[in-house]
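To start, the structure under review is shown below, and the notes come after it.
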Amino acid sequence: MNKDVVIIRGEKVTDVSARLAGEKEIYIVHDVNVANVAASVAGALPAGVVRGITGIVTSEELKTMDTAVKLTEKFLEADLSRGALVLAIGGGITTDIAGFAASMYKRGIRWAAFPTTLLAQVDAAIGGKTGVNLRGYKNMLGAFHMPEFTFLTSTVLETLPEKELRCGLAEMLKTFLIGDADVYARAVSSGFSAKIPDGQGKNGLPSRKNAKIQDELIFRAASIKADIVCRDPLEHGERAVLNLGHTFGHAIEHCSKGEIAHGEAVGMGIILAARLSEGLGLAQKGLAAGLEKDFQRVGLETACPYGIDELAAAMKKDKKDGKLVLLKGIGQPVITTVKEDDLRKYTK
Ligand SMILES: NC(=O)c1ccc[n+]([C@@H]2O[C@H](COP(=O)([O-])OP(=O)(O)OC[C@H]3O[C@@H](n4cnc5c(N)ncnc54)[C@H](O)[C@@H]3O)[C@@H](O)[C@H]2O)c1
Ligand SMILES: [Zn+2]
């Protein structure tokens with residue numbers, strides 16, 4: 001497996017074509033909601049190189065082996081050789097499925113990711129984890145299959161709904177909280193917000209005057225994740241810090257029965273993890289309150305609507321090895337085991 005994480009940036013969607021120069025066979029798999037992006041990219045590539053374009057409807061229910069296999073059948077129909085490259089354009093569902101289909105076809109052909117959600121730009125499309133759900137269990141089938149590159153451009157984010165922006169922003173702040181205190185401070189004061197300004201059809205990204213900072217923040221978050229992944233590509237150790245807020249987050253998602261999306265739940269989960277860190281004496285007093293203020297400023301919901309009894313019950317099901325990612329401070333994650341009594345006491 002190629003272990004390098006390559007991230008490239010562009011100002012417009014067609015800038016990806018420069019990185020694809022020299023490719024002889026490209027197959028584009030895209031989310032139907034960004035068909036326009038796929039069409040622009042295809043139009044910018046030399047004639048004859050694009051061997052096929054398939055749009056997929058995305059949902060967790062359709063993130064299945066069946067969908068992945070159907071894609072491999074398309075690759076076969078297009079007579080893709082082992083030298084072909086699959087270009088996935090869409091959110092994390094698209095990059096996960098298309099990357100997985102590429103990993104299976106002819107025992108693995110190359111792929112590249114063009115993420116179009118903030119969450120996929122800073123998280124899902126970085127690191128080479130690909131896969132699909134099995135009988136409702138998330139990402140049960142999959143492969144580590146590193147993309148040739150991940151192409152980032154914030155121009156595609158303008159059409160993203162608020163909820164998706166919130167999810168991406170929470171994961172982005174998570175990455176800064178574990179990886180870089182200075183960038184975290186910049187992010188929460190940059191004007192990057194998940195709120196769509198009143199009366200505007202679009203979310204103001206990246207047309208805002210501080211679009212440059214936003215681009216930089218996205219790149220920085222993706223790079224921090226990439227560095228962690230490079231040090232621990234198969235998730236044997238350090239990569240676990242990326243789960244900050246996730247044990248609580250998964251429990252919140254579970255309790256909400258789908259109402260609260262993954263990233264939103266992670267945002268709330270980070271606040272609970274910070275409270276627990278303070279309670280255990282790992283972090284200084286005031287960490288959780290400070291993060292809460294920051295998160296609210298960028299448009300994230302911070303109050304977990306569920307009590308600790310409900311959460312603890314859901315967490316038992318999700319228990320990996322009883323370990324949690326906590327914070328000694330901003331930029332200082334620590335992985336530790338927490339007793340249930342402490343958990344109950346400090347996350348009330
Ligand atoms: N492989 C990994 O390491 C990894 C990490 C985190 C998450 N994931 C996976 O990623 C998935 C979540 O990713 P996601 O949040 O990007 O979800 P998603 O792919 O479902 O995209 C969210 C929604 O946004 C729409 N969309 C995409 N781009 C758009 C755009 N530019 N404008 C308007 N709408 C757009 C999609 O059609 C979809 O409705 C989950 O399945 C999760 O398991 C994978
Ligand atoms: Zn996550």
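By order in the structure tokens, chains are A, B, ...; within a chain, residues start at 1; ligands start at 1, following the order shown.
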- Counting only C-alpha atoms and all ligand atoms, name the residues that have an atom within 7 Å of an atom of ligand 1; the answer should be given as number ranges by chain. A: 31-34, 58-60, 90-94, 96, 116-120, 123-130, 138-139, 156-161, 164, 167
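Neighbours of ligand 2 at a cut-off of 8 Å, computed so that only C-alpha atoms and all ligand atoms are counted, are the residues Asp123, Glu171, Leu242, Asn243, His246, His262, Gly263 and Val266 of chain A.
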Quick one: write out the picked residues with N, CA and C atoms as a PDB file, in the first residue's frame?
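Contents of the output file selection06.pdb:
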```pdb
ATOM      1  N   ASP A 123     -11.298  15.121   7.270  1.00  0.00           N
ATOM      2  CA  ASP A 123     -11.317  13.843   7.975  1.00  0.00           C
ATOM      3  C   ASP A 123     -11.448  12.635   7.045  1.00  0.00           C
ATOM      4  N   GLU A 171     -15.339  18.462  13.642  1.00  0.00           N
ATOM      5  CA  GLU A 171     -14.192  17.551  13.430  1.00  0.00           C
ATOM      6  C   GLU A 171     -12.909  18.362  13.218  1.00  0.00           C
ATOM      7  N   LEU A 242      -7.452  10.731  17.437  1.00  0.00           N
ATOM      8  CA  LEU A 242      -8.457  11.343  16.553  1.00  0.00           C
ATOM      9  C   LEU A 242      -9.872  11.061  17.059  1.00  0.00           C
ATOM     10  N   ASN A 243      -9.978  10.166  18.018  1.00  0.00           N
ATOM     11  CA  ASN A 243     -11.299   9.840  18.565  1.00  0.00           C
ATOM     12  C   ASN A 243     -11.717  10.753  19.705  1.00  0.00           C
ATOM     13  N   HIS A 246     -15.359  11.228  20.611  1.00  0.00           N
ATOM     14  CA  HIS A 246     -16.120  10.245  19.847  1.00  0.00           C
ATOM     15  C   HIS A 246     -16.840   9.204  20.700  1.00  0.00           C
ATOM     16  N   HIS A 262     -23.344  12.868  13.331  1.00  0.00           N
ATOM     17  CA  HIS A 262     -22.078  12.452  13.924  1.00  0.00           C
ATOM     18  C   HIS A 262     -21.212  13.632  14.395  1.00  0.00           C
ATOM     19  N   GLY A 263     -20.949  14.563  13.482  1.00  0.00           N
ATOM     20  CA  GLY A 263     -20.055  15.678  13.834  1.00  0.00           C
ATOM     21  C   GLY A 263     -20.642  16.548  14.938  1.00  0.00           C
ATOM     22  N   VAL A 266     -20.083  14.821  18.099  1.00  0.00           N
ATOM     23  CA  VAL A 266     -18.669  14.885  18.484  1.00  0.00           C
ATOM     24  C   VAL A 266     -18.373  16.225  19.167  1.00  0.00           C
TER      25      VAL A 266
END
```
Mind the document's chain letters and residue numbers, and return as a PDB file with N, CA and C atoms, in the first residue's frame the residues of region 73-143 of chain A that DSSP labels strand (DSSP E or B).
```
ATOM      1  N   LEU A  85      -7.250   4.965 -12.770  1.00  0.00           N
ATOM      2  CA  LEU A  85      -7.416   5.694 -11.507  1.00  0.00           C
ATOM      3  C   LEU A  85      -8.888   6.064 -11.320  1.00  0.00           C
ATOM      4  N   VAL A  86      -9.409   5.793 -10.143  1.00  0.00           N
ATOM      5  CA  VAL A  86     -10.793   6.178  -9.811  1.00  0.00           C
ATOM      6  C   VAL A  86     -10.734   7.517  -9.092  1.00  0.00           C
ATOM      7  N   LEU A  87     -11.505   8.471  -9.565  1.00  0.00           N
ATOM      8  CA  LEU A  87     -11.563   9.780  -8.902  1.00  0.00           C
ATOM      9  C   LEU A  87     -12.912   9.896  -8.199  1.00  0.00           C
ATOM     10  N   ALA A  88     -12.882   9.992  -6.878  1.00  0.00           N
ATOM     11  CA  ALA A  88     -14.121  10.070  -6.093  1.00  0.00           C
ATOM     12  C   ALA A  88     -14.416  11.527  -5.759  1.00  0.00           C
ATOM     13  N   ILE A  89     -15.585  12.010  -6.160  1.00  0.00           N
ATOM     14  CA  ILE A  89     -15.958  13.402  -5.900  1.00  0.00           C
ATOM     15  C   ILE A  89     -17.231  13.412  -5.060  1.00  0.00           C
ATOM     16  N   GLY A  90     -17.132  13.860  -3.832  1.00  0.00           N
ATOM     17  CA  GLY A  90     -18.313  13.896  -2.972  1.00  0.00           C
ATOM     18  C   GLY A  90     -17.913  13.947  -1.515  1.00  0.00           C
ATOM     19  N   ARG A 110      -5.575   2.320  -8.351  1.00  0.00           N
ATOM     20  CA  ARG A 110      -5.355   3.587  -7.651  1.00  0.00           C
ATOM     21  C   ARG A 110      -6.646   4.409  -7.607  1.00  0.00           C
ATOM     22  N   TRP A 111      -6.703   5.283  -6.611  1.00  0.00           N
ATOM     23  CA  TRP A 111      -7.834   6.206  -6.552  1.00  0.00           C
ATOM     24  C   TRP A 111      -7.367   7.534  -5.995  1.00  0.00           C
ATOM     25  N   ALA A 112      -8.169   8.560  -6.215  1.00  0.00           N
ATOM     26  CA  ALA A 112      -7.873   9.881  -5.659  1.00  0.00           C
ATOM     27  C   ALA A 112      -9.169  10.467  -5.123  1.00  0.00           C
ATOM     28  N   ALA A 113      -9.042  11.301  -4.104  1.00  0.00           N
ATOM     29  CA  ALA A 113     -10.234  11.848  -3.443  1.00  0.00           C
ATOM     30  C   ALA A 113     -10.375  13.341  -3.716  1.00  0.00           C
ATOM     31  N   PHE A 114     -11.577  13.719  -4.099  1.00  0.00           N
ATOM     32  CA  PHE A 114     -11.921  15.136  -4.246  1.00  0.00           C
ATOM     33  C   PHE A 114     -13.112  15.363  -3.312  1.00  0.00           C
ATOM     34  N   PRO A 115     -12.824  15.584  -2.013  1.00  0.00           N
ATOM     35  CA  PRO A 115     -13.916  15.738  -1.048  1.00  0.00           C
ATOM     36  C   PRO A 115     -14.677  17.051  -1.228  1.00  0.00           C
ATOM     37  N   LYS A 129      -8.585   5.076   4.957  1.00  0.00           N
ATOM     38  CA  LYS A 129      -9.581   4.101   5.404  1.00  0.00           C
ATOM     39  C   LYS A 129     -10.749   4.171   4.426  1.00  0.00           C
ATOM     40  N   THR A 130     -11.112   3.041   3.851  1.00  0.00           N
ATOM     41  CA  THR A 130     -12.250   3.000   2.934  1.00  0.00           C
ATOM     42  C   THR A 130     -13.188   1.907   3.418  1.00  0.00           C
ATOM     43  N   GLY A 131     -14.443   1.957   3.010  1.00  0.00           N
ATOM     44  CA  GLY A 131     -15.306   0.871   3.447  1.00  0.00           C
ATOM     45  C   GLY A 131     -16.786   1.146   3.309  1.00  0.00           C
ATOM     46  N   VAL A 132     -17.556   0.137   3.707  1.00  0.00           N
ATOM     47  CA  VAL A 132     -19.016   0.226   3.638  1.00  0.00           C
ATOM     48  C   VAL A 132     -19.617  -0.362   4.918  1.00  0.00           C
ATOM     49  N   ASN A 133     -20.921  -0.150   5.077  1.00  0.00           N
ATOM     50  CA  ASN A 133     -21.618  -0.682   6.254  1.00  0.00           C
ATOM     51  C   ASN A 133     -22.090  -2.116   5.972  1.00  0.00           C
ATOM     52  N   LEU A 134     -22.295  -2.856   7.054  1.00  0.00           N
ATOM     53  CA  LEU A 134     -22.788  -4.231   6.898  1.00  0.00           C
ATOM     54  C   LEU A 134     -23.925  -4.444   7.887  1.00  0.00           C
ATOM     55  N   TYR A 137     -24.284  -2.007  10.574  1.00  0.00           N
ATOM     56  CA  TYR A 137     -23.096  -1.705  11.390  1.00  0.00           C
ATOM     57  C   TYR A 137     -22.120  -0.905  10.543  1.00  0.00           C
ATOM     58  N   LYS A 138     -21.702   0.228  11.102  1.00  0.00           N
ATOM     59  CA  LYS A 138     -20.919   1.167  10.290  1.00  0.00           C
ATOM     60  C   LYS A 138     -19.522   0.655   9.949  1.00  0.00           C
ATOM     61  N   ASN A 139     -19.183   0.822   8.710  1.00  0.00           N
ATOM     62  CA  ASN A 139     -17.819   0.554   8.207  1.00  0.00           C
ATOM     63  C   ASN A 139     -17.279  -0.812   8.626  1.00  0.00           C
ATOM     64  N   MET A 140     -18.138  -1.815   8.565  1.00  0.00           N
ATOM     65  CA  MET A 140     -17.751  -3.171   8.980  1.00  0.00           C
ATOM     66  C   MET A 140     -16.875  -3.864   7.946  1.00  0.00           C
ATOM     67  N   LEU A 141     -17.052  -3.486   6.695  1.00  0.00           N
ATOM     68  CA  LEU A 141     -16.215  -4.060   5.635  1.00  0.00           C
ATOM     69  C   LEU A 141     -15.373  -2.943   5.071  1.00  0.00           C
ATOM     70  N   GLY A 142     -14.114  -3.201   4.848  1.00  0.00           N
ATOM     71  CA  GLY A 142     -13.306  -2.121   4.294  1.00  0.00           C
ATOM     72  C   GLY A 142     -11.869  -2.508   4.095  1.00  0.00           C
ATOM     73  N   ALA A 143     -11.112  -1.534   3.686  1.00  0.00           N
ATOM     74  CA  ALA A 143      -9.683  -1.767   3.422  1.00  0.00           C
ATOM     75  C   ALA A 143      -8.921  -0.478   3.674  1.00  0.00           C
TER      76      ALA A 143
END
```
- Residue with smallest distance to Gly299 (chain A) - pool A:Gly281, A:Gly168, A:Gly258, A:Gly249, counting only C-alpha atoms: A:Gly168
- So how far away is CA of Arg275 (chain A) from CA of Phe295 (chain A), in Å? 14.4 Å
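The shell of residues at most 12 Å from Cys304 (chain A), with only C-alpha atoms counted and near chain neighbours (fewer than 5 positions) removed, consists of Gly245, Phe248, Gly249, Ala251, Ile252, Glu253, Cys255, Ser256, Ile260, Glu264, Ala265, Val266, Gly267, Met268, Gly269, Ile270, Ile271, Leu272, Ala273, Glu292, Glu310, Leu311, Thr347 and Lys348 of chain A.
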Requested write-out: N, CA and C atoms of the selected residues, as an mmCIF file, in the first residue's frame:
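Ended up saving to out-v1.cif:
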```cif
data_model
loop_
_atom_site.group_PDB
_atom_site.id
_atom_site.type_symbol
_atom_site.label_atom_id
_atom_site.label_comp_id
_atom_site.auth_asym_id
_atom_site.auth_seq_id
_atom_site.Cartn_x
_atom_site.Cartn_y
_atom_site.Cartn_z
ATOM 1 N N GLY A 245 -13.687 13.043 21.804
ATOM 2 C CA GLY A 245 -15.120 13.378 21.732
ATOM 3 C C GLY A 245 -15.981 12.298 21.118
ATOM 4 N N PHE A 248 -18.163 9.657 23.682
ATOM 5 C CA PHE A 248 -19.399 10.364 24.082
ATOM 6 C C PHE A 248 -20.256 10.629 22.848
ATOM 7 N N GLY A 249 -19.608 11.042 21.779
ATOM 8 C CA GLY A 249 -20.332 11.389 20.541
ATOM 9 C C GLY A 249 -21.167 10.233 20.021
ATOM 10 N N ALA A 251 -22.333 7.790 21.695
ATOM 11 C CA ALA A 251 -23.451 7.560 22.619
ATOM 12 C C ALA A 251 -24.570 8.589 22.360
ATOM 13 N N ILE A 252 -24.169 9.841 22.120
ATOM 14 C CA ILE A 252 -25.164 10.893 21.861
ATOM 15 C C ILE A 252 -25.918 10.592 20.554
ATOM 16 N N GLU A 253 -25.164 10.207 19.521
ATOM 17 C CA GLU A 253 -25.791 9.834 18.241
ATOM 18 C C GLU A 253 -26.800 8.725 18.465
ATOM 19 N N CYS A 255 -28.350 7.801 21.284
ATOM 20 C CA CYS A 255 -29.530 8.234 22.058
ATOM 21 C C CYS A 255 -30.476 9.077 21.195
ATOM 22 N N SER A 256 -29.922 9.828 20.266
ATOM 23 C CA SER A 256 -30.765 10.747 19.478
ATOM 24 C C SER A 256 -31.481 10.037 18.335
ATOM 25 N N ILE A 260 -29.314 13.798 15.880
ATOM 26 C CA ILE A 260 -28.055 14.543 16.006
ATOM 27 C C ILE A 260 -27.015 13.833 15.152
ATOM 28 N N GLU A 264 -21.953 16.770 14.876
ATOM 29 C CA GLU A 264 -22.615 17.569 15.923
ATOM 30 C C GLU A 264 -22.441 16.894 17.276
ATOM 31 N N ALA A 265 -22.608 15.571 17.277
ATOM 32 C CA ALA A 265 -22.472 14.811 18.527
ATOM 33 C C ALA A 265 -21.026 14.850 19.017
ATOM 34 N N VAL A 266 -20.083 14.821 18.099
ATOM 35 C CA VAL A 266 -18.669 14.885 18.484
ATOM 36 C C VAL A 266 -18.373 16.225 19.167
ATOM 37 N N GLY A 267 -18.971 17.295 18.642
ATOM 38 C CA GLY A 267 -18.788 18.617 19.262
ATOM 39 C C GLY A 267 -19.232 18.600 20.719
ATOM 40 N N MET A 268 -20.409 18.042 20.963
ATOM 41 C CA MET A 268 -20.911 17.944 22.348
ATOM 42 C C MET A 268 -20.036 17.007 23.161
ATOM 43 N N GLY A 269 -19.588 15.938 22.529
ATOM 44 C CA GLY A 269 -18.750 14.943 23.203
ATOM 45 C C GLY A 269 -17.419 15.532 23.649
ATOM 46 N N ILE A 270 -16.888 16.450 22.865
ATOM 47 C CA ILE A 270 -15.607 17.079 23.234
ATOM 48 C C ILE A 270 -15.780 17.886 24.522
ATOM 49 N N ILE A 271 -16.913 18.556 24.654
ATOM 50 C CA ILE A 271 -17.157 19.346 25.872
ATOM 51 C C ILE A 271 -17.228 18.416 27.090
ATOM 52 N N LEU A 272 -17.908 17.265 26.904
ATOM 53 C CA LEU A 272 -17.986 16.308 28.017
ATOM 54 C C LEU A 272 -16.595 15.763 28.357
ATOM 55 N N ALA A 273 -15.809 15.487 27.328
ATOM 56 C CA ALA A 273 -14.449 14.980 27.555
ATOM 57 C C ALA A 273 -13.609 16.030 28.287
ATOM 58 N N GLU A 292 -16.553 25.604 25.425
ATOM 59 C CA GLU A 292 -17.981 25.806 25.171
ATOM 60 C C GLU A 292 -18.226 27.161 24.505
ATOM 61 N N GLU A 310 -28.271 7.648 30.608
ATOM 62 C CA GLU A 310 -28.541 7.238 29.222
ATOM 63 C C GLU A 310 -27.242 7.082 28.441
ATOM 64 N N LEU A 311 -26.362 8.063 28.628
ATOM 65 C CA LEU A 311 -25.097 8.035 27.882
ATOM 66 C C LEU A 311 -24.250 6.836 28.291
ATOM 67 N N THR A 347 -19.197 14.201 34.553
ATOM 68 C CA THR A 347 -19.825 14.625 33.304
ATOM 69 C C THR A 347 -21.289 15.014 33.507
ATOM 70 N N LYS A 348 -21.672 15.159 34.757
ATOM 71 C CA LYS A 348 -23.070 15.516 35.072
ATOM 72 C C LYS A 348 -23.454 16.825 34.425
#
```
- Query: Using the chain letters and numbers from this document, which residues of region 39-279 of chain A does DSSP assign to helix (DSSP H, G or I), as an MDAnalysis selection string?
  - Reply: chainID A and resid 39:44 65:77 92:107 118:124 154:159 162:179 181:188 211:231 238:243 246:256 262:279
Writer output for current selection, C-alpha atoms, as a short mmCIF file (atom, residue, chain, number, x, y, z; two decimals), in the first residue's frame:
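That gives us result-v9.cif:
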```cif
data_model
loop_
_atom_site.label_atom_id
_atom_site.label_comp_id
_atom_site.auth_asym_id
_atom_site.auth_seq_id
_atom_site.Cartn_x
_atom_site.Cartn_y
_atom_site.Cartn_z
CA ALA A 39 -18.98 17.63 -15.06
CA SER A 40 -16.54 20.56 -14.73
CA VAL A 41 -13.68 18.25 -13.82
CA ALA A 42 -14.47 15.84 -16.66
CA GLY A 43 -14.67 18.77 -19.07
CA ALA A 44 -11.20 19.95 -18.04
CA MET A 65 -21.23 -3.83 -0.37
CA ASP A 66 -23.90 -3.96 -3.04
CA THR A 67 -23.24 -0.35 -4.05
CA ALA A 68 -19.48 -0.94 -4.03
CA VAL A 69 -19.79 -4.08 -6.14
CA LYS A 70 -22.06 -2.25 -8.62
CA LEU A 71 -19.27 0.28 -9.04
CA THR A 72 -16.74 -2.46 -9.73
CA GLU A 73 -19.12 -3.78 -12.39
CA LYS A 74 -19.09 -0.33 -13.98
CA PHE A 75 -15.30 -0.41 -13.93
CA LEU A 76 -15.40 -3.78 -15.67
CA GLU A 77 -17.89 -2.54 -18.28
CA GLY A 92 -17.23 10.93 3.03
CA ILE A 93 -19.79 8.37 1.91
CA THR A 94 -18.70 8.73 -1.70
CA THR A 95 -14.97 8.68 -0.96
CA ASP A 96 -15.38 5.67 1.38
CA ILE A 97 -17.38 3.62 -1.17
CA ALA A 98 -15.42 4.59 -4.27
CA GLY A 99 -12.09 4.07 -2.52
CA PHE A 100 -13.27 0.66 -1.35
CA ALA A 101 -14.48 -0.31 -4.84
CA ALA A 102 -11.06 0.71 -6.19
CA SER A 103 -9.35 -1.42 -3.52
CA MET A 104 -11.26 -4.51 -4.68
CA TYR A 105 -11.19 -4.14 -8.45
CA LYS A 106 -8.40 -6.26 -9.94
CA ARG A 107 -6.99 -6.58 -6.39
CA LEU A 118 -15.94 20.02 5.07
CA LEU A 119 -16.01 16.78 7.06
CA ALA A 120 -14.54 14.79 4.20
CA GLN A 121 -11.91 17.47 3.53
CA VAL A 122 -10.56 17.44 7.06
CA ASP A 123 -11.32 13.84 7.98
CA ALA A 124 -12.94 11.16 5.81
CA SER A 154 -13.17 25.40 -0.43
CA THR A 155 -15.06 26.66 -3.49
CA VAL A 156 -17.18 23.49 -3.37
CA LEU A 157 -18.38 24.20 0.16
CA GLU A 158 -20.62 27.11 -0.76
CA THR A 159 -23.60 24.85 -1.33
CA GLU A 162 -25.61 24.28 7.79
CA LYS A 163 -25.86 20.88 9.41
CA GLU A 164 -23.04 19.51 7.25
CA LEU A 165 -20.94 22.59 7.96
CA ARG A 166 -21.44 22.09 11.69
CA CYS A 167 -20.32 18.47 11.42
CA GLY A 168 -17.16 19.38 9.53
CA LEU A 169 -16.36 22.28 11.79
CA ALA A 170 -16.61 20.10 14.91
CA GLU A 171 -14.19 17.55 13.43
CA MET A 172 -11.88 20.35 12.35
CA LEU A 173 -11.78 21.87 15.85
CA LYS A 174 -11.24 18.37 17.25
CA THR A 175 -8.15 18.02 15.09
CA PHE A 176 -6.77 21.35 16.27
CA LEU A 177 -7.54 20.49 19.89
CA ILE A 178 -5.39 17.38 19.66
CA GLY A 179 -2.77 18.81 17.34
CA ALA A 181 -3.17 25.07 20.09
CA ASP A 182 -2.20 28.10 18.00
CA VAL A 183 -4.26 27.09 15.00
CA TYR A 184 -7.16 26.24 17.32
CA ALA A 185 -7.08 29.80 18.64
CA ARG A 186 -6.97 31.16 15.11
CA ALA A 187 -9.84 28.93 13.99
CA VAL A 188 -12.26 30.02 16.70
CA ALA A 211 -11.78 32.88 2.65
CA LYS A 212 -8.00 32.66 2.57
CA ILE A 213 -7.87 31.93 6.28
CA GLN A 214 -10.61 29.35 5.88
CA ASP A 215 -8.67 27.61 3.12
CA GLU A 216 -5.60 27.62 5.30
CA LEU A 217 -7.51 26.14 8.24
CA ILE A 218 -8.93 23.33 6.12
CA PHE A 219 -5.48 22.52 4.77
CA ARG A 220 -3.97 22.66 8.25
CA ALA A 221 -6.59 20.30 9.71
CA ALA A 222 -6.14 17.85 6.85
CA SER A 223 -2.35 18.03 7.29
CA ILE A 224 -2.49 17.37 11.04
CA LYS A 225 -4.63 14.31 10.43
CA ALA A 226 -2.26 13.25 7.64
CA ASP A 227 0.76 13.48 9.95
CA ILE A 228 -0.93 11.36 12.59
CA VAL A 229 -1.94 8.81 9.96
CA CYS A 230 1.59 8.63 8.53
CA ARG A 231 2.96 7.85 11.97
CA GLU A 238 -1.44 7.20 18.13
CA ARG A 239 -4.22 7.42 15.56
CA ALA A 240 -6.65 6.80 18.42
CA VAL A 241 -6.29 10.43 19.54
CA LEU A 242 -8.46 11.34 16.55
CA ASN A 243 -11.30 9.84 18.57
CA HIS A 246 -16.12 10.24 19.85
CA THR A 247 -16.97 7.82 22.66
CA PHE A 248 -19.40 10.36 24.08
CA GLY A 249 -20.33 11.39 20.54
CA HIS A 250 -21.31 7.88 19.49
CA ALA A 251 -23.45 7.56 22.62
CA ILE A 252 -25.16 10.89 21.86
CA GLU A 253 -25.79 9.83 18.24
CA HIS A 254 -27.22 6.57 19.50
CA CYS A 255 -29.53 8.23 22.06
CA SER A 256 -30.77 10.75 19.48
CA HIS A 262 -22.08 12.45 13.92
CA GLY A 263 -20.06 15.68 13.83
CA GLU A 264 -22.61 17.57 15.92
CA ALA A 265 -22.47 14.81 18.53
CA VAL A 266 -18.67 14.88 18.48
CA GLY A 267 -18.79 18.62 19.26
CA MET A 268 -20.91 17.94 22.35
CA GLY A 269 -18.75 14.94 23.20
CA ILE A 270 -15.61 17.08 23.23
CA ILE A 271 -17.16 19.35 25.87
CA LEU A 272 -17.99 16.31 28.02
CA ALA A 273 -14.45 14.98 27.56
CA ALA A 274 -13.07 18.36 28.62
CA ARG A 275 -15.27 18.37 31.74
CA LEU A 276 -14.07 14.90 32.62
CA SER A 277 -10.45 15.96 32.04
CA GLU A 278 -10.92 18.79 34.53
CA GLY A 279 -12.68 16.57 37.05
#
```
